Amino acid sequence: MNDDVRNIVLGVVAAGISAAFGWLTRTYLWKRKLRRKQAFFGLPPHSECLLVVNRAATHEGSVHRFDVFALLELSSLIKDCGAHARIIQHDLAQQGFGERTEFCLGGPYSNRRMGAHLASLLPGVQMNVDPEPTPDRGAFQIGSERYRLENGVAEYVILARVTPGQDSRPVFLFCGQSAITNQAATRYLARNAEKLARKHGNGSFCLLLKVVNSQAYGPDVVELVADVTRAAQEPAPALRTSHRATG
């Protein structure tokens, strides 16, 4: 074998080793990223989770189209983790939490289970569910601050990950002032899951998001108002109207 042939052979071997090493590295990084995602969502491969859906405010038993879009966002996320979901209506989900990951969608006015979760897991978050058309209808009360709804202009939504116990699977809450805010929160979670996992690990958090000008931008323009985890987990103080301008 002359020098030219030897160099060609060595070059091919080196290229093959480099390609194999690159493939192994990419596979390792992909698997590590996937494991972190599965841990954050509490969704190991082949596990089952619950999608608890609300009802449309004006049609008993139906689901608003924006909530359907939110379910599609969550379904894609669950599939990426190698898990599968069971969809159940809020008034039929008569079971505890922590044994499997749960995604609960909708405000307490349309989702009975959301109301129970807020009372049990986030007692510092209250939502006005008065059917009368008052200025505070649909408003969030978090600690001493009140966040009023401005339809189509400034709408708020709670995005929370709550772990009831040390070895419990998480409960994800998407509690919005309107159906489009629920979709905005699920999209925000899907887009920022890696960042949220780095910041909060596998612990609990509660974020207040604002959907800006949904009449023009739909669920795409979302601002993080505040991390309200501490206030949300503390017992609610006596309600009083905040003088701070919101919206």
# chains A, B, ... in the order shown; residues from 1 in each chain; ligands from 1

call {"tool": "select_by_dssp", "arguments": {"residues": "segment 7-172 of chain A", "states": "strand (DSSP E or B)", "output": "ChimeraX atom specification"}}
result
/A:48-53,56,59,84-89,102-105,125-127,140-142,145-147,150,154-162,171-172

call {"tool": "residues_around", "arguments": {"residues": "Gly203 of chain A", "least_positions_apart": "2", "cutoff": "10 Å", "atoms": "only C-alpha atoms", "output": "PyMOL selection string"}}
result
chain A and resi 40+161-164+166+170+197+199-201+205

call {"tool": "residues_around", "arguments": {"residues": "Glu73 of chain A", "least_positions_apart": "4", "cutoff": "12 Å", "atoms": "only C-alpha atoms", "output": "PyMOL selection string"}}
result
chain A and resi 51+66-69+77-80+103+105+182-191

call {"tool": "write_last_selection", "arguments": {"atoms": "N, CA and C atoms", "output": "short mmCIF file (atom, residue, chain, number, x, y, z; two decimals), in the first residue's frame"}}
result
data_model
loop_
_atom_site.label_atom_id
_atom_site.label_comp_id
_atom_site.auth_asym_id
_atom_site.auth_seq_id
_atom_site.Cartn_x
_atom_site.Cartn_y
_atom_site.Cartn_z
N LEU A 51 -55.86 15.36 31.22
CA LEU A 51 -56.21 16.67 30.69
C LEU A 51 -57.62 16.97 31.17
N PHE A 66 -60.93 28.06 21.58
CA PHE A 66 -59.58 28.40 22.02
C PHE A 66 -59.07 27.38 23.04
N ASP A 67 -59.96 26.81 23.84
CA ASP A 67 -59.56 25.76 24.76
C ASP A 67 -59.20 24.48 24.00
N VAL A 68 -59.87 24.24 22.88
CA VAL A 68 -59.50 23.10 22.03
C VAL A 68 -58.09 23.31 21.49
N PHE A 69 -57.78 24.53 21.06
CA PHE A 69 -56.42 24.83 20.59
C PHE A 69 -55.41 24.62 21.71
N LEU A 77 -47.07 18.46 23.32
CA LEU A 77 -46.05 18.42 24.36
C LEU A 77 -45.98 17.05 25.03
N ILE A 78 -47.16 16.50 25.32
CA ILE A 78 -47.23 15.18 25.98
C ILE A 78 -46.67 14.09 25.06
N LYS A 79 -46.99 14.18 23.78
CA LYS A 79 -46.50 13.21 22.82
C LYS A 79 -44.99 13.26 22.71
N ASP A 80 -44.41 14.46 22.76
CA ASP A 80 -42.95 14.61 22.69
C ASP A 80 -42.27 13.89 23.85
N PHE A 103 -53.03 18.32 33.82
CA PHE A 103 -53.11 19.63 33.19
C PHE A 103 -54.57 20.08 33.31
N LEU A 105 -57.44 23.04 32.87
CA LEU A 105 -57.62 24.16 31.96
C LEU A 105 -58.91 24.92 32.25
N ASN A 182 -56.20 31.04 28.16
CA ASN A 182 -55.81 29.66 28.46
C ASN A 182 -54.88 29.14 27.37
N GLN A 183 -55.24 29.40 26.11
CA GLN A 183 -54.38 28.98 25.02
C GLN A 183 -53.03 29.70 25.07
N ALA A 184 -53.06 30.98 25.40
CA ALA A 184 -51.81 31.74 25.50
C ALA A 184 -50.89 31.15 26.56
N ALA A 185 -51.46 30.71 27.69
CA ALA A 185 -50.65 30.14 28.76
C ALA A 185 -50.04 28.80 28.35
N THR A 186 -50.81 27.96 27.66
CA THR A 186 -50.26 26.67 27.22
C THR A 186 -49.16 26.89 26.19
N ARG A 187 -49.35 27.87 25.33
CA ARG A 187 -48.31 28.17 24.32
C ARG A 187 -47.07 28.72 25.00
N TYR A 188 -47.26 29.57 25.99
CA TYR A 188 -46.12 30.13 26.74
C TYR A 188 -45.34 29.00 27.41
N LEU A 189 -46.06 28.05 28.00
CA LEU A 189 -45.38 26.93 28.66
C LEU A 189 -44.60 26.10 27.66
N ALA A 190 -45.20 25.80 26.51
CA ALA A 190 -44.52 24.99 25.51
C ALA A 190 -43.25 25.68 25.00
N ARG A 191 -43.32 26.99 24.82
CA ARG A 191 -42.17 27.73 24.29
C ARG A 191 -41.08 27.96 25.33
#

call {"tool": "closest_residue", "arguments": {"among": "A:Arg100, A:Arg55, A:His90, A:Lys37", "to": "Ser168 of chain A", "atoms": "only C-alpha atoms"}}
result
A:Arg100

call {"tool": "residues_around", "arguments": {"residues": "Cys49 of chain A", "least_positions_apart": "5", "cutoff": "6 Å", "atoms": "only C-alpha atoms", "output": "PyMOL selection string"}}
result
chain A and resi 85+100-102

call {"tool": "atom_distance", "arguments": {"atom1": "atom CA of Gly96 of chain A", "atom2": "atom CA of Leu207 of chain A"}}
result
23.5 Å

call {"tool": "closest_residue", "arguments": {"among": "A:Ala83, A:Asp136, A:Arg112, A:Ile180", "to": "Val53 of chain A", "atoms": "only C-alpha atoms"}}
result
A:Arg112

call {"tool": "closest_residue", "arguments": {"among": "A:Leu34, A:Thr181, A:Arg65, A:Leu71", "to": "Asp220 of chain A", "atoms": "only C-alpha atoms"}}
result
A:Thr181

call {"tool": "closest_residue", "arguments": {"among": "A:Val153, A:Cys175, A:Ile17, A:Ala39", "to": "Ala193 of chain A", "atoms": "only C-alpha atoms"}}
result
A:Ala39

call {"tool": "atom_distance", "arguments": {"atom1": "atom CA of Glu234 of chain A", "atom2": "atom CA of Ser110 of chain A"}}
result
24.3 Å

call {"tool": "residues_around", "arguments": {"residues": "Ala160 of chain A", "least_positions_apart": "6", "cutoff": "6 Å", "atoms": "only C-alpha atoms", "output": "ChimeraX atom specification"}}
result
/A:172-173,205-206

call {"tool": "residues_around", "arguments": {"residues": "Arg148 of chain A", "least_positions_apart": "2", "cutoff": "7 Å", "atoms": "only C-alpha atoms", "output": "list in words"}}
result
Asp136, Gly138, Ala139, Phe140, Arg146 and Glu150 of chain A

call {"tool": "write_last_selection", "arguments": {"atoms": "N, CA, C and O atoms", "output": "mmCIF file, in the first residue's frame"}}
result
data_model
loop_
_atom_site.group_PDB
_atom_site.id
_atom_site.type_symbol
_atom_site.label_atom_id
_atom_site.label_comp_id
_atom_site.auth_asym_id
_atom_site.auth_seq_id
_atom_site.Cartn_x
_atom_site.Cartn_y
_atom_site.Cartn_z
ATOM 1 N N ASP A 136 -65.388 44.264 38.570
ATOM 2 C CA ASP A 136 -64.483 43.256 39.111
ATOM 3 C C ASP A 136 -64.805 41.842 38.623
ATOM 4 O O ASP A 136 -64.164 40.883 39.063
ATOM 5 N N GLY A 138 -64.480 38.570 36.942
ATOM 6 C CA GLY A 138 -63.335 37.892 36.353
ATOM 7 C C GLY A 138 -61.993 38.356 36.872
ATOM 8 O O GLY A 138 -60.958 37.841 36.447
ATOM 9 N N ALA A 139 -61.960 39.319 37.799
ATOM 10 C CA ALA A 139 -60.692 39.854 38.291
ATOM 11 C C ALA A 139 -59.970 38.847 39.180
ATOM 12 O O ALA A 139 -60.584 38.073 39.904
ATOM 13 N N PHE A 140 -58.645 38.879 39.106
ATOM 14 C CA PHE A 140 -57.802 38.102 40.021
ATOM 15 C C PHE A 140 -57.481 38.948 41.242
ATOM 16 O O PHE A 140 -57.178 40.144 41.123
ATOM 17 N N ARG A 146 -55.192 43.508 42.848
ATOM 18 C CA ARG A 146 -56.320 43.066 42.033
ATOM 19 C C ARG A 146 -56.026 43.369 40.567
ATOM 20 O O ARG A 146 -55.563 44.457 40.222
ATOM 21 N N GLU A 150 -59.825 43.427 30.978
ATOM 22 C CA GLU A 150 -60.221 44.341 29.916
ATOM 23 C C GLU A 150 -60.315 43.505 28.644
ATOM 24 O O GLU A 150 -59.298 43.218 28.009
#

call {"tool": "closest_residue", "arguments": {"among": "A:Ala232, A:Ser214, A:Ile87, A:Arg35", "to": "Leu118 of chain A", "atoms": "only C-alpha atoms"}}
result
A:Ala232

call {"tool": "closest_residue", "arguments": {"among": "A:Gln177, A:Asn192, A:Asn111, A:Asn213", "to": "Ile158 of chain A", "atoms": "only C-alpha atoms"}}
result
A:Gln177

call {"tool": "decode", "arguments": {"residues": "segment 157-205 of chain A", "atoms": "C-alpha atoms", "output": "compact mmCIF listing (two decimals), in the first residue's frame"}}
result
# COMPACT_ATOMS: atom_id res chain seq x y z
CA VAL A 157 -53.94 34.23 33.22
CA ILE A 158 -52.30 32.14 35.94
CA LEU A 159 -49.75 29.57 34.82
CA ALA A 160 -48.73 27.33 37.71
CA ARG A 161 -46.83 24.12 38.33
CA VAL A 162 -47.64 22.70 41.75
CA THR A 163 -46.16 19.61 43.36
CA PRO A 164 -48.42 18.51 46.24
CA GLY A 165 -45.73 16.29 47.82
CA GLN A 166 -42.09 15.28 47.49
CA ASP A 167 -42.77 12.22 45.32
CA SER A 168 -45.93 13.55 43.67
CA ARG A 169 -46.47 14.20 40.00
CA PRO A 170 -47.08 17.88 39.22
CA VAL A 171 -50.37 19.63 38.59
CA PHE A 172 -50.25 22.30 35.88
CA LEU A 173 -52.90 25.01 36.09
CA PHE A 174 -53.95 27.30 33.24
CA CYS A 175 -56.48 29.63 34.86
CA GLY A 176 -57.40 32.53 32.59
CA GLN A 177 -59.89 35.35 32.49
CA SER A 178 -60.95 34.26 28.98
CA ALA A 179 -60.56 31.19 26.78
CA ILE A 180 -57.89 32.79 24.62
CA THR A 181 -55.72 33.38 27.69
CA ASN A 182 -55.81 29.66 28.46
CA GLN A 183 -54.38 28.98 25.02
CA ALA A 184 -51.81 31.74 25.50
CA ALA A 185 -50.65 30.14 28.76
CA THR A 186 -50.26 26.67 27.22
CA ARG A 187 -48.31 28.17 24.32
CA TYR A 188 -46.12 30.13 26.74
CA LEU A 189 -45.38 26.93 28.66
CA ALA A 190 -44.52 24.99 25.51
CA ARG A 191 -42.17 27.73 24.29
CA ASN A 192 -40.49 28.39 27.64
CA ALA A 193 -40.47 24.96 29.27
CA GLU A 194 -36.69 24.61 29.12
CA LYS A 195 -36.14 28.08 30.61
CA LEU A 196 -38.71 27.45 33.35
CA ALA A 197 -37.11 24.10 34.18
CA ARG A 198 -33.71 25.74 34.55
CA LYS A 199 -35.09 28.45 36.82
CA HIS A 200 -37.51 26.45 38.98
CA GLY A 201 -36.19 22.89 38.64
CA ASN A 202 -38.91 20.42 39.49
CA GLY A 203 -40.42 22.64 42.17
CA SER A 204 -43.61 24.66 42.30
CA PHE A 205 -44.12 28.05 40.71
